[in-house]
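Source file query-v1.txt; content: compact mmCIF, C-alpha atoms.
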```txt
# COMPACT_ATOMS: atom_id res chain seq x y z
CA MET M 1 25.85 38.25 -17.89
CA LEU M 2 24.83 35.54 -15.46
CA GLU M 3 21.61 35.86 -13.55
CA ALA M 4 21.94 36.05 -9.82
CA GLU M 5 20.66 32.91 -8.16
CA LYS M 6 17.65 33.32 -5.93
CA GLU M 7 18.31 32.64 -2.29
CA LYS M 8 15.97 30.25 -0.57
CA VAL M 9 14.95 31.35 2.91
CA ILE M 10 13.97 28.54 5.24
CA GLY M 11 11.88 29.62 8.18
CA SER M 12 9.54 28.13 10.75
CA GLY M 13 5.80 28.46 10.67
CA ARG M 14 5.47 28.13 6.92
CA SER M 15 1.92 28.00 5.60
CA SER M 16 0.51 24.81 4.11
CA LYS M 17 0.39 26.53 0.73
CA ASP M 18 4.12 27.27 0.81
CA TYR M 19 4.91 23.77 2.05
CA TRP M 20 3.03 22.02 -0.77
CA LYS M 21 4.54 24.47 -3.25
CA GLU M 22 8.00 23.39 -2.10
CA ILE M 23 7.05 19.74 -2.56
CA TRP M 24 5.93 20.46 -6.12
CA GLU M 25 9.14 22.35 -6.88
CA ALA M 26 11.15 19.37 -5.60
CA ARG M 27 9.21 16.84 -7.70
CA GLU M 28 12.40 15.84 -9.55
CA LEU M 29 13.80 14.55 -6.25
CA PHE M 30 10.66 12.44 -5.88
CA TRP M 31 11.41 10.64 -9.15
CA ILE M 32 15.08 10.23 -8.29
CA LEU M 33 14.27 8.58 -4.95
CA ALA M 34 11.50 6.46 -6.46
CA LYS M 35 13.72 5.16 -9.29
CA ARG M 36 16.52 4.49 -6.83
CA ASP M 37 14.21 2.26 -4.76
CA VAL M 38 13.29 0.26 -7.85
CA ILE M 39 16.92 -0.17 -8.92
CA VAL M 40 18.05 -1.20 -5.42
CA ARG M 41 15.19 -3.70 -5.17
CA TYR M 42 16.18 -5.70 -8.22
CA LYS M 43 19.92 -5.03 -8.35
CA GLN M 44 22.06 -8.18 -8.33
CA THR M 45 19.03 -10.49 -8.56
CA ILE M 46 19.03 -13.36 -11.04
CA LEU M 47 15.32 -13.25 -11.80
CA GLY M 48 14.92 -9.48 -11.47
CA VAL M 49 11.41 -8.19 -12.16
CA ALA M 50 10.22 -11.80 -12.54
CA TRP M 51 9.95 -11.83 -8.74
CA SER M 52 6.95 -9.54 -9.13
CA ILE M 53 5.23 -12.41 -10.96
CA ILE M 54 6.55 -15.30 -8.90
CA ARG M 55 5.66 -13.79 -5.53
CA PRO M 56 1.91 -13.21 -6.11
CA LEU M 57 1.53 -16.42 -8.14
CA ILE M 58 3.12 -18.67 -5.50
CA THR M 59 1.30 -16.80 -2.73
CA ALA M 60 -2.07 -17.24 -4.44
CA MET M 61 -1.45 -20.93 -5.09
CA VAL M 62 -0.40 -21.63 -1.50
CA MET M 63 -3.29 -19.62 -0.06
CA GLY M 64 -5.78 -21.25 -2.41
CA PHE M 65 -4.61 -24.70 -1.35
CA ALA M 66 -4.30 -23.94 2.38
CA PHE M 67 -7.55 -22.03 2.81
CA GLY M 68 -9.59 -23.56 0.00
CA LYS M 69 -8.66 -27.24 0.25
CA LEU M 70 -7.27 -27.79 3.74
CA ALA M 71 -9.38 -25.27 5.68
CA LYS M 72 -12.44 -25.95 3.49
CA LEU M 73 -13.15 -22.23 2.98
CA GLU M 74 -13.51 -22.52 -0.77
CA VAL M 75 -16.78 -20.98 -1.97
CA ASP M 76 -19.16 -22.74 -4.32
CA THR M 77 -18.65 -20.78 -7.54
CA PRO M 78 -17.91 -21.54 -11.19
CA ILE M 79 -14.94 -19.18 -10.95
CA PRO M 80 -11.64 -20.99 -10.19
CA TYR M 81 -10.69 -20.34 -6.57
CA ILE M 82 -7.28 -18.95 -7.50
CA LEU M 83 -9.08 -16.09 -9.29
CA VAL M 84 -11.08 -15.42 -6.12
CA VAL M 85 -7.83 -15.29 -4.14
CA MET M 86 -5.85 -13.13 -6.59
CA PRO M 87 -7.53 -9.74 -5.83
CA GLY M 88 -6.85 -10.30 -2.12
CA VAL M 89 -3.24 -11.27 -2.79
CA ILE M 90 -2.64 -8.27 -5.06
CA ILE M 91 -4.06 -5.82 -2.51
CA TRP M 92 -2.36 -7.43 0.47
CA LEU M 93 1.10 -7.52 -1.14
CA PHE M 94 0.72 -3.87 -2.14
CA PHE M 95 -0.56 -2.89 1.31
CA SER M 96 2.07 -4.81 3.28
CA GLN M 97 4.95 -3.69 1.06
CA SER M 98 3.83 -0.05 1.22
CA LEU M 99 3.48 -0.18 5.01
CA GLN M 100 6.94 -1.67 5.38
CA GLN M 101 8.55 0.85 3.02
CA LEU M 102 6.74 3.82 4.55
CA SER M 103 7.59 2.93 8.13
CA LEU M 104 11.32 2.61 7.34
CA SER M 105 11.54 5.46 4.83
CA MET M 106 12.97 8.18 7.10
CA VAL M 107 15.50 5.93 8.85
CA LEU M 108 16.75 4.39 5.60
CA ASN M 109 17.29 7.88 4.17
CA SER M 110 18.93 9.30 7.29
CA ASN M 111 22.09 10.31 5.39
CA LEU M 112 19.98 12.45 3.05
CA VAL M 113 17.85 13.95 5.83
CA THR M 114 20.85 15.10 7.85
CA LYS M 115 22.82 16.67 4.99
CA VAL M 116 20.47 18.71 2.81
CA TYR M 117 17.19 20.56 3.16
CA PHE M 118 14.10 19.55 1.23
CA PRO M 119 10.48 18.84 2.22
CA ARG M 120 10.88 15.53 4.05
CA LEU M 121 7.42 14.39 3.01
CA ILE M 122 8.87 13.62 -0.43
CA ILE M 123 10.68 10.58 1.02
CA PRO M 124 7.60 8.62 2.15
CA PHE M 125 5.68 9.72 -0.96
CA SER M 126 8.44 8.34 -3.20
CA THR M 127 7.99 4.80 -1.84
CA ILE M 128 4.78 4.39 -3.84
CA LEU M 129 6.46 3.77 -7.22
CA LEU M 130 7.96 0.41 -6.26
CA GLY M 131 4.62 -0.87 -5.00
CA LEU M 132 2.80 0.37 -8.09
CA ILE M 133 5.21 -1.44 -10.40
CA ASP M 134 4.73 -4.70 -8.51
CA MET M 135 0.97 -4.09 -8.51
CA ALA M 136 0.90 -3.51 -12.28
CA ILE M 137 2.84 -6.72 -12.94
CA ALA M 138 0.55 -8.67 -10.59
CA MET M 139 -2.47 -7.30 -12.48
CA LEU M 140 -0.94 -8.57 -15.73
CA LEU M 141 -0.60 -11.96 -14.04
CA PHE M 142 -4.33 -11.82 -13.20
CA VAL M 143 -5.12 -11.05 -16.84
CA GLY M 144 -3.03 -14.06 -17.88
CA LEU M 145 -4.95 -16.30 -15.46
CA CYS M 146 -8.21 -14.96 -16.87
CA PHE M 147 -7.10 -16.04 -20.36
CA TRP M 148 -6.04 -19.43 -19.01
CA PHE M 149 -9.38 -20.09 -17.33
CA HIS M 150 -11.46 -18.40 -20.06
CA PHE M 151 -12.86 -15.85 -17.63
CA VAL M 152 -13.80 -12.38 -18.84
CA PRO M 153 -14.23 -9.59 -16.24
CA ASP M 154 -17.07 -7.16 -16.93
CA TRP M 155 -17.14 -3.34 -17.19
CA LYS M 156 -16.52 -2.89 -13.45
CA ILE M 157 -12.82 -3.57 -14.05
CA VAL M 158 -12.45 0.16 -14.87
CA PHE M 159 -12.75 0.94 -11.14
CA VAL M 160 -9.56 -0.97 -10.29
CA PRO M 161 -7.24 2.11 -10.49
CA LEU M 162 -9.54 3.97 -8.07
CA PHE M 163 -9.41 1.14 -5.54
CA ILE M 164 -5.62 0.94 -5.87
CA VAL M 165 -5.43 4.63 -4.94
CA LEU M 166 -7.74 4.01 -1.97
CA CYS M 167 -5.54 1.09 -0.90
CA TYR M 168 -2.47 3.32 -0.85
CA LEU M 169 -4.30 6.07 1.02
CA SER M 170 -5.49 3.55 3.59
CA VAL M 171 -1.90 2.55 4.36
CA PHE M 172 -0.32 5.96 3.91
CA GLY M 173 -1.63 7.52 7.12
CA VAL M 174 -0.58 4.63 9.34
CA GLY M 175 2.75 4.20 7.55
CA LEU M 176 3.57 7.90 7.77
CA MET M 177 2.95 8.02 11.52
CA ALA M 178 5.02 4.85 11.92
CA ALA M 179 7.85 6.51 9.94
CA VAL M 180 7.84 9.49 12.33
CA LEU M 181 7.78 7.30 15.44
CA ASN M 182 10.46 5.01 14.03
CA VAL M 183 12.91 7.94 13.90
CA LYS M 184 12.83 8.22 17.69
CA TYR M 185 11.71 4.73 18.72
CA ARG M 186 13.36 2.05 16.58
CA ASP M 187 11.06 -0.56 18.15
CA ILE M 188 8.49 0.49 15.55
CA GLY M 189 10.64 -1.12 12.88
CA GLN M 190 10.28 -4.42 14.75
CA ILE M 191 6.56 -4.04 15.43
CA VAL M 192 5.47 -3.33 11.85
CA PRO M 193 6.48 -6.78 10.44
CA PHE M 194 4.52 -8.39 13.28
CA ILE M 195 1.47 -6.26 12.46
CA ILE M 196 1.78 -7.23 8.79
CA GLN M 197 1.96 -10.93 9.66
CA PHE M 198 -1.00 -10.70 12.03
CA GLY M 199 -3.02 -8.54 9.62
CA TYR M 200 -2.77 -11.19 6.91
CA PHE M 201 -4.94 -13.55 8.97
CA ILE M 202 -7.59 -10.96 9.90
CA SER M 203 -7.96 -9.73 6.32
CA PRO M 204 -10.05 -11.61 3.71
CA VAL M 205 -7.06 -12.29 1.48
CA ALA M 206 -7.67 -16.00 0.83
CA TYR M 207 -11.32 -16.16 1.87
CA VAL M 208 -14.42 -14.05 1.33
CA THR M 209 -15.87 -11.59 3.85
CA ASP M 210 -19.28 -13.31 3.74
CA LEU M 211 -17.84 -16.21 5.74
CA ALA M 212 -17.74 -13.91 8.78
CA ALA M 213 -21.32 -12.66 8.30
CA GLY M 214 -23.54 -13.35 11.29
CA LYS M 215 -20.58 -14.04 13.59
CA TRP M 216 -19.94 -11.93 16.71
CA TYR M 217 -16.69 -10.62 15.23
CA TYR M 218 -18.20 -9.52 11.88
CA TYR M 219 -18.43 -5.80 12.63
CA PRO M 220 -14.94 -5.52 14.17
CA PHE M 221 -13.71 -7.53 11.18
CA ILE M 222 -15.08 -5.09 8.57
CA LEU M 223 -13.52 -2.11 10.39
CA ASN M 224 -10.21 -3.34 8.99
CA PRO M 225 -9.58 -0.95 6.04
CA VAL M 226 -7.96 -3.73 4.01
CA THR M 227 -11.26 -5.62 4.11
CA GLY M 228 -13.03 -2.76 2.36
CA VAL M 229 -10.41 -2.53 -0.39
CA ILE M 230 -10.31 -6.29 -1.03
CA ASP M 231 -14.12 -6.50 -1.17
CA ALA M 232 -14.16 -3.60 -3.65
CA MET M 233 -11.45 -5.20 -5.80
CA ARG M 234 -13.31 -8.51 -5.94
CA TRP M 235 -16.44 -6.65 -7.00
CA ALA M 236 -14.49 -4.92 -9.77
CA MET M 237 -12.38 -7.85 -10.97
CA LEU M 238 -14.65 -10.89 -10.66
CA GLY M 239 -17.78 -9.90 -12.56
CA ASP M 240 -20.97 -11.13 -10.86
CA PHE M 241 -19.10 -13.13 -8.23
CA ALA M 242 -19.35 -10.48 -5.48
CA LYS M 243 -21.77 -7.66 -4.71
CA PHE M 244 -20.45 -4.26 -3.69
CA ASN M 245 -20.05 -4.33 0.10
CA TRP M 246 -20.92 -0.87 1.44
CA ILE M 247 -20.69 -2.18 5.02
CA SER M 248 -16.92 -2.60 4.66
CA PHE M 249 -16.36 0.20 2.11
CA ILE M 250 -17.70 3.12 4.19
CA PRO M 251 -15.51 2.38 7.28
CA MET M 252 -12.51 2.29 4.94
CA LEU M 253 -13.33 5.76 3.59
CA VAL M 254 -13.75 7.13 7.11
CA PHE M 255 -10.43 5.54 8.11
CA ILE M 256 -8.66 7.16 5.13
CA LEU M 257 -10.05 10.64 5.86
CA LEU M 258 -9.07 10.46 9.51
CA THR M 259 -5.60 8.98 9.19
CA PHE M 260 -4.47 10.90 6.10
CA PHE M 261 -4.95 14.41 7.45
CA VAL M 262 -3.93 13.51 11.00
CA SER M 263 -0.73 11.85 9.76
CA ILE M 264 0.22 14.85 7.57
CA ARG M 265 -0.22 17.17 10.54
CA PHE M 266 1.70 14.75 12.80
CA PHE M 267 4.55 14.53 10.28
CA ARG M 268 4.88 18.30 9.85
CA LYS M 269 4.85 18.80 13.61
CA HIS M 270 7.87 16.51 14.09
CA GLU M 271 9.65 17.07 10.78
CA ASN M 272 12.11 19.63 12.14
CA SER M 273 13.25 17.29 14.93
CA PHE M 274 14.27 14.37 12.67
CA VAL M 275 17.90 15.47 12.52
CA ASP M 276 18.16 15.45 16.33
CA HIS M 277 17.12 11.79 16.61
CA ILE M 278 18.50 10.22 13.43
```
Rewrite the structure from the file as structure tokens, please.
Amino acid sequence: MLEAEKEKVIGSGRSSKDYWKEIWEARELFWILAKRDVIVRYKQTILGVAWSIIRPLITAMVMGFAFGKLAKLEVDTPIPYILVVMPGVIIWLFFSQSLQQLSLSMVLNSNLVTKVYFPRLIIPFSTILLGLIDMAIAMLLFVGLCFWFHFVPDWKIVFVPLFIVLCYLSVFGVGLMAAVLNVKYRDIGQIVPFIIQFGYFISPVAYVTDLAAGKWYYYPFILNPVTGVIDAMRWAMLGDFAKFNWISFIPMLVFILLTFFVSIRFFRKHENSFVDHI
């Protein structure tokens, strides 16, 4: 005798506990969407996953030459400058890719949103897997460069996973709000690439934060959450090269706390209206 299937009642005003319970129950959909993004990314590419190595390597080499040699921003250190640049490149590629994917997540999945019910928050959450895979491969590239230059990171390298999580949280709030706004105002999809391009120059990707110390723009500069993550990654990955920069780290934590909870509330407030605009 077959068991009767339980009916799922969808109503308004659900509690946060019920909402997060639904997300957990739909965790299989999270993996399906995440794996689909990875497959689509590398489908019909000749080099495939090798792009995850080529992109950060070429970026680090170009940045090291442009900022270190041409702009004369190279610091006086026994560590090869490409190793100084790599933590910034790894974080920035992860941050920029996550912001781009998050902001477009609802629009790109409009066919799914309009046809079946599920907690919509799963869609932006699922974008993290692609960035994490690229991040992991880029970290392996850093390890290879360390072997090449005979550089051995110290015990602080164990904090890298924590800072990767903080990097994603720092972009999640902004990306989630951009995803909601992009459903109604498609201009957001055009603005985000501009913000990413502009943010690259105001983030210490290819130079160190200390170069801005004492300048009038130093304090506005360290309010950039990416600055705090990059400084923390350099502290963790480069041994004694950099001290832990609390001045940039604390604003990043405050930014994460504010944007994460505000963005979740903002998303839930507008979630039911997505179908009307998509």
Exercise. Just how far from CA of Leu238 in chain M is CA of Lys156 in chain M, in Å to one decimal?
Worked result: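 One can read the CA of Lys156 in chain M to CA of Leu238 in chain M distance as 8.7 Å.
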Exercise. Quick one: of M:Tyr207, M:Phe198, M:Trp155, M:Phe267, who's nearest to Met237 in chain M, counting only C-alpha atoms?
Worked result: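 Using only C-alpha atoms, Met237 in chain M sits closest to M:Trp155.
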Exercise. What does the distance between CA of Pro161 in chain M and CA of Ala50 in chain M come to in Å, to one decimal place?
Worked result: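 For CA of Pro161 in chain M relative to CA of Ala50 in chain M, the distance reads 22.4 Å.
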Problem set entry | Best match for closeness to Lys184 in chain M among M:Met106, M:Cys167, M:Ile196, M:Val254, counting all atoms listed in the file |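 Counting all atoms listed in the file, the residue closest to Lys184 in chain M is M:Met106.
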Problem set entry | Leu129 in chain M environment, 12 Å, all atoms listed in the file, sequence neighbours closer than 5 positions dropped, as a list in words |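 Result of the neighbour search: Phe30, Trp31, Ile32, Leu33, Ala34, Lys35, Arg36, Asp37, Val38, Ile39, Arg41, Phe94, Gln97, Ser98, Gln101, Leu102, Ile123, Pro124, Asp134, Met135, Ala136 and Tyr168 of chain M.
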Exercise. In Å, with one decimal, what is the gap from CA of Pro153 in chain M to CA of Ile250 in chain M?
Worked result: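 Separation of CA of Pro153 in chain M and CA of Ile250 in chain M: 24.3 Å.
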For this session: May I ask which of the residues M:Ala242, M:Val180, M:Val160, M:Val275 is the closest one to Val84 in chain M, counting only C-alpha atoms?
Result: M:Ala242
Exercise. Can you tell me, as number ranges by chain, what residues are no more than 10 Å from Ser273 in chain M when counting all atoms listed in the file, ignoring any on the same chain fewer than 3 positions away?
Worked result: M: 180, 183-184, 268-270, 276-278
Exercise. Around (-7.1, -10.4, -6.1) in the file's own coordinates, what residues are found within 8 Å if you use only C-alpha atoms, given back as a list in words?
Worked result: Leu83, Val84, Val85, Met86, Pro87, Gly88, Val89, Ile90, Ile91, Phe142, Val205, Ile230, Met233, Arg234 and Met237 of chain M
Problem set entry | Residue nearest Gly64 in chain M among M:Val158, M:Phe151, M:Lys17, M:Ala206 (counting all atoms listed in the file) |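 Between M:Val158, M:Phe151, M:Lys17, M:Ala206, the residue approaching Gly64 in chain M most closely is M:Ala206.
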Problem set entry | Selection near Val192 in chain M, 10 Å with all atoms listed in the file, sequence-local residues under 4 positions removed, as a ChimeraX atom specification | /M:96,99-100,103-104,175,178,182,187-188,196-198
